[in-house]
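J.: Below is query_28.txt; it holds compact mmCIF, C-alpha atoms.
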```txt
# COMPACT_ATOMS: atom_id res chain seq x y z
CA MET A 231 8.63 -11.03 0.33
CA CYS A 232 7.48 -13.05 -2.66
CA THR A 233 7.71 -16.64 -1.52
CA THR A 234 7.62 -17.92 -5.07
CA CYS A 235 10.80 -16.31 -6.31
CA GLY A 236 12.24 -14.74 -3.17
CA CYS A 237 12.05 -11.19 -4.50
CA ALA A 238 10.88 -8.29 -2.35
CA GLY A 239 7.43 -7.87 -3.89
CA GLY A 240 4.39 -10.15 -3.78
CA GLY A 241 3.65 -12.70 -6.48
CA VAL A 242 0.61 -12.07 -8.61
CA GLU A 243 -1.00 -15.21 -9.82
CA GLY A 244 -1.96 -14.82 -13.46
CA MET A 245 -5.59 -15.10 -14.51
CA ALA A 246 -4.81 -17.96 -16.85
CA THR A 247 -3.27 -20.05 -14.10
CA LYS A 248 -6.33 -20.93 -12.08
CA GLY A 249 -5.53 -23.74 -9.69
CA THR A 250 -1.79 -23.47 -10.15
CA SER A 251 -0.87 -21.23 -7.30
CA GLY A 252 2.84 -21.48 -8.05
CA ALA A 253 2.65 -19.52 -11.30
CA HIS A 254 2.70 -15.74 -11.04
CA VAL A 255 3.41 -12.73 -13.20
CA HIS A 256 5.86 -10.02 -12.32
CA GLU A 257 4.76 -6.91 -14.20
CA GLY A 258 3.74 -5.49 -10.85
CA HIS A 259 7.13 -5.41 -9.22
CA GLY A 260 10.22 -4.89 -11.27
CA HIS A 261 13.36 -5.53 -9.30
CA ASP A 262 14.78 -2.13 -8.45
CA HIS A 263 18.47 -1.52 -8.77
CA GLY A 264 20.28 0.05 -5.87
CA HIS A 265 20.58 3.72 -6.79
CA GLY A 266 20.10 6.30 -9.52
CA HIS A 267 22.88 8.65 -10.65
CA ASP A 268 21.63 11.36 -12.99
CA HIS A 269 24.40 13.91 -12.69
CA GLY A 270 26.81 15.17 -15.26
CA HIS A 271 30.18 15.09 -13.55
CA THR A 272 32.71 12.23 -13.55
CA HIS A 273 33.35 9.96 -10.63
CA GLU A 274 37.16 10.00 -10.29
CA ARG A 275 38.17 10.34 -6.62
CA HIS A 276 34.51 10.53 -5.86
CA ASP A 277 34.39 9.44 -2.27
CA ARG A 278 32.65 12.41 -0.65
CA ALA A 279 29.02 12.38 0.38
CA HIS A 280 26.89 14.69 -1.72
CA ALA A 281 23.20 15.34 -2.26
CA HIS A 282 21.50 14.16 -5.44
CA GLY A 283 18.87 16.77 -6.15
CA GLY A 284 17.87 17.02 -2.49
CA ARG A 285 18.85 19.50 0.20
CA PRO A 286 22.49 20.64 0.35
CA ILE A 287 24.94 18.91 2.65
CA ASP A 288 26.57 20.57 5.60
CA VAL A 289 30.13 19.55 4.72
CA ALA A 290 31.57 20.29 8.17
CA THR A 291 29.25 17.96 10.02
CA ARG A 292 28.54 15.73 7.06
CA THR A 293 24.84 15.79 7.79
CA LEU A 294 22.34 15.23 5.01
CA LEU A 295 18.93 16.75 5.53
CA LEU A 296 16.67 14.33 3.70
CA GLU A 297 13.15 14.99 5.03
CA GLN A 298 12.18 11.99 2.98
CA ASP A 299 8.73 10.43 3.34
CA ILE A 300 9.36 6.78 4.18
CA LEU A 301 6.26 5.66 2.31
CA SER A 302 7.02 7.83 -0.73
CA LYS A 303 7.69 4.83 -3.01
CA ASN A 304 4.36 3.26 -2.13
CA LYS A 305 2.61 6.62 -2.51
CA GLY A 306 4.16 7.02 -5.96
CA TRP A 307 2.84 3.64 -7.07
CA ALA A 308 -0.54 4.43 -5.47
CA GLU A 309 -0.84 7.67 -7.44
CA ARG A 310 0.01 5.81 -10.65
CA ASN A 311 -2.73 3.28 -9.87
CA ARG A 312 -5.16 6.11 -9.05
CA GLY A 313 -4.47 7.82 -12.37
CA TRP A 314 -4.73 4.54 -14.25
CA LEU A 315 -8.10 3.80 -12.63
CA GLU A 316 -9.47 7.33 -13.00
CA GLY A 317 -8.48 7.35 -16.67
CA ARG A 318 -10.72 4.34 -17.14
CA GLN A 319 -13.46 5.78 -14.88
CA ILE A 320 -13.16 2.76 -12.60
CA THR A 321 -14.46 3.06 -9.03
CA SER A 322 -12.31 1.04 -6.65
CA LEU A 323 -12.82 -0.17 -3.09
CA ASN A 324 -10.09 -1.36 -0.75
CA LEU A 325 -11.84 -3.83 1.59
CA MET A 326 -10.02 -4.27 4.87
CA SER A 327 -10.90 -6.20 8.03
CA SER A 328 -9.60 -8.70 10.52
CA PRO A 329 -9.59 -12.31 9.24
CA GLY A 330 -13.07 -13.83 9.20
CA ALA A 331 -15.11 -10.60 9.35
CA GLY A 332 -16.92 -11.63 6.16
CA LYS A 333 -15.22 -9.70 3.37
CA THR A 334 -15.42 -12.50 0.82
CA THR A 335 -19.00 -13.40 1.77
CA LEU A 336 -20.04 -9.74 1.41
CA LEU A 337 -18.21 -9.56 -1.89
CA THR A 338 -19.73 -12.71 -3.42
CA ARG A 339 -23.18 -11.47 -2.39
CA MET A 340 -22.48 -8.05 -3.95
CA ILE A 341 -21.37 -9.68 -7.19
CA GLU A 342 -24.47 -11.90 -7.34
CA ASP A 343 -26.78 -8.93 -6.69
CA LEU A 344 -25.06 -6.33 -8.86
CA GLN A 345 -23.34 -8.02 -11.76
CA GLY A 346 -26.46 -7.68 -13.91
CA ASP A 347 -26.17 -3.88 -13.60
CA LEU A 348 -22.44 -3.30 -13.64
CA SER A 349 -19.14 -4.90 -14.47
CA ILE A 350 -17.20 -6.02 -11.37
CA SER A 351 -13.69 -7.38 -11.08
CA VAL A 352 -11.71 -8.37 -8.01
CA VAL A 353 -8.15 -8.38 -6.73
CA GLU A 354 -7.81 -10.88 -3.88
CA GLY A 355 -5.03 -10.55 -1.33
CA ASP A 356 -4.14 -13.42 0.98
CA GLN A 357 -0.93 -14.74 2.42
CA GLU A 358 -1.43 -18.12 0.75
CA THR A 359 -3.83 -20.08 -1.51
CA SER A 360 -6.16 -18.95 -4.30
CA ARG A 361 -9.25 -20.09 -2.37
CA ASP A 362 -10.84 -16.62 -2.20
CA ALA A 363 -10.17 -15.90 -5.89
CA ASP A 364 -11.71 -19.30 -6.67
CA ARG A 365 -14.82 -18.34 -4.64
CA ILE A 366 -15.06 -15.10 -6.59
CA ARG A 367 -14.51 -16.77 -9.98
CA ALA A 368 -17.27 -19.28 -9.14
CA THR A 369 -19.72 -16.34 -9.38
CA GLY A 370 -18.54 -15.71 -12.96
CA CYS A 371 -16.58 -12.62 -11.94
CA ARG A 372 -13.02 -11.93 -13.09
CA ALA A 373 -10.44 -12.13 -10.30
CA VAL A 374 -6.71 -12.29 -9.72
CA GLN A 375 -5.10 -13.53 -6.56
CA ILE A 376 -2.09 -11.87 -4.97
CA ASN A 377 -0.27 -14.06 -2.47
CA THR A 378 1.80 -11.93 -0.14
CA GLY A 379 3.62 -14.90 1.42
CA THR A 380 4.91 -13.64 4.75
CA GLY A 381 3.64 -10.11 3.96
CA CYS A 382 0.81 -8.80 6.13
CA HIS A 383 -0.68 -6.26 3.69
CA LEU A 384 -1.05 -5.38 0.02
CA ASP A 385 1.06 -2.53 -1.27
CA ALA A 386 0.48 -0.31 -4.28
CA ARG A 387 3.10 -2.00 -6.43
CA MET A 388 1.52 -5.44 -5.99
CA VAL A 389 -1.84 -3.94 -6.98
CA SER A 390 -0.30 -2.28 -10.03
CA GLY A 391 0.79 -5.70 -11.33
CA ALA A 392 -2.60 -7.19 -10.54
CA LEU A 393 -4.39 -4.37 -12.42
CA ARG A 394 -2.46 -5.17 -15.57
CA ALA A 395 -3.22 -8.89 -15.26
CA LEU A 396 -6.90 -8.18 -14.55
CA ASP A 397 -7.41 -5.36 -17.09
CA PRO A 398 -10.79 -4.25 -15.63
CA ALA A 399 -13.39 -2.78 -17.99
CA THR A 400 -13.93 0.96 -18.40
CA ARG A 401 -16.60 2.42 -16.05
CA SER A 402 -16.58 -0.72 -13.89
CA LEU A 403 -16.29 -1.49 -10.19
CA LEU A 404 -13.00 -2.88 -8.92
CA VAL A 405 -12.85 -4.40 -5.45
CA ILE A 406 -9.49 -5.04 -3.82
CA GLU A 407 -9.86 -7.47 -0.93
CA ASN A 408 -6.90 -6.83 1.32
CA VAL A 409 -5.13 -9.37 3.52
CA GLY A 410 -7.21 -10.05 6.65
CA ASN A 411 -5.46 -7.76 9.13
CA LEU A 412 -6.85 -4.77 11.00
CA VAL A 413 -3.46 -3.10 11.48
CA CYS A 414 -0.99 -3.01 8.60
CA PRO A 415 -3.24 -2.41 5.55
CA ALA A 416 -4.35 0.92 7.08
CA LEU A 417 -0.95 2.38 6.27
CA PHE A 418 -0.61 1.51 2.61
CA ASP A 419 -2.49 3.57 0.04
CA LEU A 420 -3.26 1.37 -2.97
CA GLY A 421 -4.68 4.12 -5.19
CA GLU A 422 -8.26 3.09 -4.39
CA SER A 423 -11.26 5.46 -4.51
CA VAL A 424 -12.49 4.51 -1.04
CA LYS A 425 -11.11 2.54 1.88
CA VAL A 426 -13.82 0.33 3.38
CA VAL A 427 -13.35 -1.30 6.77
CA VAL A 428 -15.52 -4.39 7.29
CA MET A 429 -16.27 -5.39 10.86
CA SER A 430 -18.52 -8.21 12.04
CA ILE A 431 -20.72 -7.75 15.07
CA THR A 432 -19.17 -10.85 16.64
CA GLU A 433 -15.93 -8.91 17.09
CA GLY A 434 -17.21 -6.70 19.91
CA GLU A 435 -18.31 -3.08 20.00
CA ASP A 436 -14.96 -1.73 21.22
CA LYS A 437 -13.03 -2.70 18.08
CA PRO A 438 -12.90 0.87 16.70
CA LEU A 439 -11.18 2.00 19.92
CA LYS A 440 -8.77 -0.94 19.93
CA TYR A 441 -7.76 -0.49 16.29
CA PRO A 442 -8.22 3.27 15.77
CA HIS A 443 -5.71 3.61 12.92
CA MET A 444 -7.81 1.44 10.62
CA PHE A 445 -11.09 3.17 11.48
CA ARG A 446 -9.43 6.56 11.08
CA ALA A 447 -8.02 5.64 7.65
CA ALA A 448 -11.33 4.33 6.29
CA GLY A 449 -14.09 6.34 4.62
CA VAL A 450 -16.75 3.67 5.11
CA LEU A 451 -17.54 1.07 7.78
CA VAL A 452 -19.65 -1.94 6.86
CA LEU A 453 -20.92 -3.82 9.93
CA THR A 454 -21.57 -7.43 8.90
CA LYS A 455 -23.32 -10.53 10.32
CA LEU A 456 -26.22 -8.38 11.52
CA ASP A 457 -28.45 -11.50 11.50
CA LEU A 458 -26.47 -12.75 14.54
CA LEU A 459 -27.50 -9.75 16.66
CA PRO A 460 -30.00 -11.72 18.80
CA TYR A 461 -27.33 -14.29 19.69
CA VAL A 462 -24.31 -12.18 20.63
CA GLY A 463 -24.00 -9.47 23.26
CA PHE A 464 -23.16 -6.71 20.83
CA ASP A 465 -23.97 -3.09 21.70
CA ARG A 466 -24.59 -1.66 18.25
CA ASP A 467 -25.11 1.95 19.39
CA ALA A 468 -21.88 1.92 21.42
CA CYS A 469 -19.96 0.52 18.45
CA ILE A 470 -21.24 3.25 16.14
CA GLN A 471 -20.48 5.90 18.76
CA HIS A 472 -16.90 4.60 19.18
CA ALA A 473 -16.38 4.49 15.42
CA LEU A 474 -17.57 8.09 15.02
CA GLU A 475 -15.41 9.27 17.93
CA VAL A 476 -12.36 7.92 16.14
CA ASN A 477 -13.53 9.16 12.72
CA PRO A 478 -16.45 11.61 12.64
CA ARG A 479 -16.64 11.39 8.83
CA LEU A 480 -17.11 7.62 8.65
CA ARG A 481 -20.11 6.41 6.59
CA ILE A 482 -21.65 3.40 8.32
CA PHE A 483 -23.73 0.59 6.80
CA GLN A 484 -25.19 -2.37 8.67
CA VAL A 485 -25.74 -5.55 6.70
CA SER A 486 -26.10 -9.30 6.69
CA ALA A 487 -24.75 -10.67 3.45
CA VAL A 488 -26.12 -14.14 4.25
CA LYS A 489 -29.69 -12.99 5.01
CA GLY A 490 -29.68 -10.00 2.66
CA LEU A 491 -30.32 -7.38 5.37
CA GLY A 492 -29.38 -3.72 4.88
CA LEU A 493 -27.79 -4.27 1.48
CA ASP A 494 -30.03 -1.82 -0.40
CA ASP A 495 -28.54 1.20 1.40
CA TRP A 496 -25.02 -0.06 0.79
CA TYR A 497 -25.73 -0.66 -2.91
CA ALA A 498 -27.41 2.75 -3.28
CA TRP A 499 -24.31 4.46 -1.86
CA LEU A 500 -22.07 2.36 -4.08
CA LYS A 501 -24.03 3.28 -7.20
CA GLU A 502 -23.83 6.95 -6.24
CA GLU A 503 -20.06 6.65 -5.95
CA ILE A 504 -19.85 4.96 -9.33
CA ALA A 505 -22.04 7.65 -10.95
CA ARG A 506 -19.87 10.45 -9.55
CA MET B 261 4.52 -6.45 11.41
CA HIS B 262 4.54 -3.87 8.61
CA GLU B 263 7.51 -2.28 10.40
CA LEU B 264 9.77 -4.69 8.50
CA ALA B 265 8.57 -3.26 5.16
CA ILE B 266 8.87 0.27 6.57
CA THR B 267 12.44 -0.34 7.75
CA GLU B 268 13.36 -1.83 4.37
CA SER B 269 12.06 1.40 2.80
CA VAL B 270 14.20 3.48 5.16
CA VAL B 271 17.35 1.53 4.29
CA ALA B 272 16.62 1.59 0.54
CA GLY B 273 15.69 5.29 0.56
CA VAL B 274 18.79 6.36 2.49
CA SER B 275 21.10 4.13 0.42
CA GLU B 276 19.82 5.83 -2.74
CA ARG B 277 20.60 9.29 -1.39
CA VAL B 278 24.06 8.85 0.17
CA GLY B 279 25.95 7.44 -2.80
CA ARG B 280 28.88 5.34 -1.58
CA SER B 281 29.23 7.05 1.80
CA ARG B 282 29.00 5.09 5.01
CA VAL B 283 26.09 6.12 7.20
CA LEU B 284 26.85 6.75 10.88
CA ARG B 285 23.47 7.90 12.13
CA VAL B 286 19.90 7.95 10.92
CA VAL B 287 17.25 10.23 12.43
CA LEU B 288 13.60 9.34 11.83
CA GLU B 289 10.39 11.18 12.72
CA ILE B 290 7.53 8.88 13.64
CA GLY B 291 4.16 10.40 14.51
CA ALA B 292 1.77 8.94 17.06
CA LEU B 293 -0.87 8.49 14.32
CA SER B 294 1.47 6.83 11.82
CA ALA B 295 0.59 3.31 13.05
CA VAL B 296 4.28 2.49 13.25
CA MET B 297 5.91 1.25 16.46
CA PRO B 298 9.34 2.78 17.07
CA ASP B 299 10.52 -0.28 19.04
CA SER B 300 9.71 -2.55 16.09
CA ILE B 301 11.66 -0.27 13.76
CA ARG B 302 14.66 -0.44 16.10
CA PHE B 303 14.34 -4.22 16.15
CA CYS B 304 14.21 -4.45 12.34
CA PHE B 305 16.90 -1.86 11.65
CA ASP B 306 19.93 -4.01 12.47
CA VAL B 307 18.59 -6.85 10.32
CA CYS B 308 17.63 -4.66 7.35
CA SER B 309 20.84 -2.60 7.37
CA LYS B 310 23.18 -5.59 7.37
CA GLY B 311 25.43 -5.59 4.32
CA THR B 312 24.44 -2.00 3.34
CA GLN B 313 26.09 1.40 3.91
CA LEU B 314 23.82 1.69 6.94
CA GLU B 315 25.26 -1.33 8.76
CA GLY B 316 26.37 -0.31 12.26
CA ALA B 317 24.68 3.11 12.06
CA SER B 318 22.93 4.42 15.16
CA LEU B 319 19.20 4.99 14.88
CA GLU B 320 17.47 7.89 16.56
CA ILE B 321 13.69 8.09 16.50
CA LEU B 322 11.90 11.35 17.27
CA GLU B 323 8.37 10.49 18.36
CA ILE B 324 5.96 13.23 17.32
CA PRO B 325 2.85 13.55 19.52
CA CYS B 326 -0.58 13.92 17.98
CA ARG B 327 -2.02 17.43 18.09
CA GLY B 328 -5.11 18.84 16.49
CA ARG B 329 -7.39 21.85 16.26
CA CYS B 330 -11.07 21.60 17.04
CA ARG B 331 -13.26 22.39 14.05
CA ALA B 332 -16.04 23.67 16.27
CA CYS B 333 -14.26 25.97 18.75
CA ARG B 334 -10.77 26.21 17.15
CA ARG B 335 -9.05 25.20 20.41
CA ASP B 336 -5.80 23.18 20.31
CA VAL B 337 -6.40 19.55 21.20
CA GLU B 338 -3.99 16.89 22.44
CA MET B 339 -4.52 13.17 21.93
CA ARG B 340 -5.54 11.12 24.96
CA GLY B 341 -6.03 7.43 24.26
CA ALA B 342 -7.43 6.56 20.86
CA VAL B 343 -9.67 9.58 20.41
CA LEU B 344 -8.90 13.23 19.65
CA LEU B 345 -11.46 14.79 21.96
CA CYS B 346 -11.73 18.55 22.48
CA GLU B 347 -12.62 20.05 25.87
CA CYS B 348 -15.86 21.28 24.27
CA GLY B 349 -16.86 17.64 23.65
CA GLU B 350 -16.26 17.72 19.91
CA THR B 351 -14.37 14.85 18.21
CA ASP B 352 -14.27 16.55 14.80
CA VAL B 353 -10.68 17.71 15.04
CA ASP B 354 -8.23 18.66 12.28
CA ILE B 355 -4.96 16.80 12.75
CA VAL B 356 -2.02 19.21 12.88
CA SER B 357 0.77 16.78 13.75
CA GLY B 358 1.20 13.07 14.38
CA ARG B 359 1.07 11.64 10.86
CA GLU B 360 4.84 12.05 10.30
CA LEU B 361 6.76 9.09 8.97
CA ARG B 362 9.99 10.29 7.45
CA VAL B 363 13.76 10.21 7.42
CA LEU B 364 14.68 13.61 8.81
CA ARG B 365 18.47 13.49 8.36
CA VAL B 366 21.47 11.20 8.21
CA GLU B 367 25.10 11.65 9.18
CA VAL B 368 27.66 10.15 6.82
CA ALA B 369 31.40 9.52 6.81
```
Translate the structure of the given file into structure tokens.
T.:
Amino acid sequence: MCTTCGCAGGGVEGMATKGTSGAHVHEGHGHDHGHGHDHGHTHERHDRAHAHGGRPIDVATRTLLLEQDILSKNKGWAERNRGWLEGRQITSLNLMSSPGAGKTTLLTRMIEDLQGDLSISVVEGDQETSRDADRIRATGCRAVQINTGTGCHLDARMVSGALRALDPATRSLLVIENVGNLVCPALFDLGESVKVVVMSITEGEDKPLKYPHMFRAAGVLVLTKLDLLPYVGFDRDACIQHALEVNPRLRIFQVSAVKGLGLDDWYAWLKEEIAR
Amino acid sequence: MHELAITESVVAGVSERVGRSRVLRVVLEIGALSAVMPDSIRFCFDVCSKGTQLEGASLEILEIPCRGRCRACRRDVEMRGAVLLCECGETDVDIVSGRELRVLRVEVA
């Protein structure tokens, strides 16, 4: 729920309102009305259940076969976002991880290293504060912050509003930094090109087995904080094996954003994706 | 925690389809790979349905197990633990069922 106005969506802080976390724009989530009625007949004595363009009703048992995808609304918004982004030839990443895995640190390093070559903009998702968007803006990069309030994930409608506020350049890279949470964001398609799960080596090598849904949903795994390898008992081979057991198609990169290790491979892959 | 948003979607989606009828029963299909906990949905349902046509409706959840087919040897594979592992040792398995997350049917008065 949007904690600013109490509506069901998340509040998108406008780009012009840096530092004033209370202000937010609402293009992203119009307030839906309860139901649509697109049929021709009148409604006198209209108290019987009936299907609206779906499967027919069994009148005797009054059972409606709906076979309705519960996430269909989100998927609809995600497809709109995907079309909007593809029309502008924008490559988009949905960065997901548990809190503190190093998403923002990786992202600020990527911006510093790559912004000479390509245009980058960022959608930041957090429950509260614009601290991460402020960190991104400090690099000179354009960013909007979405505060989800009590919400544990970004959904496609929130991102749609953020895209309009951000207005990323044609043929650019858009990075959506999801709320730090290794569970819920796995379920919600945002319309991104690639889902990227970020995992730090301090989290333990069995994380892919403990949170398989996320590792199954992702196309890419970026292992971060590689510079800490000598100090933590992390079995890198076991971690990679677990990740590939859960998702044999996962692309895996190993980096340290702080020390600059392994970034060239990650950037090379990213540039290939953008060129596609 | 996302089950609250999922349950809100169920209530909104069903309300849209049933017109003004009162809903007596809702049947959902939730797959083992959907990352949704049936117990959490049950917990959220009473709260989310309050004040709607779904208030007081019974909720039935059909849990769909995860099944797959091995890409290497084409055998049917069942999920054990977190990994879809074929008897032949292969983990590259096409998922046949388990991703379901839908309202199958409702009964209305």
J.: Looking at A:Ala498, A:Leu439, A:Leu396, A:Val426, which one is nearest to Leu480 in chain A, with distances taken over all atoms listed in the file?
T.: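 Using all atoms listed in the file, Leu480 in chain A sits closest to A:Val426.
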J.: List as a ChimeraX atom specification the residues having at least one atom at most 7 Å from position (-22.3, -8.9, 16.9) as given in the file, counting only C-alpha atoms.
T.: /A:430-434,455-456,458-459,462-464
J.: So, with all atoms listed in the file as the atoms that count, which of B:Glu268, B:Cys326, B:Ala295, B:Ile321 lies closest to chain A?
T.: B:Ala295
J.: Restricting the calculation to only C-alpha atoms, which member of B:Val356, B:Arg362, B:Phe305, B:Gly311 is positioned closest to Asp336 in chain B?
T.: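 For Asp336 in chain B, the nearest of the candidates is B:Val356.
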J.: Taking all atoms listed in the file into account, which of B:Val368, B:Ile324, B:Val363, B:Leu344 comes nearest Val270 in chain B?
T.: B:Val363
J.: Extract, using all atoms listed in the file, all DNA, RNA and protein residues at most 10 Å from range 407-413 of chain A, discarding same-chain residues fewer than 4 positions from it, and format them as a count of residues only.
T.: 48
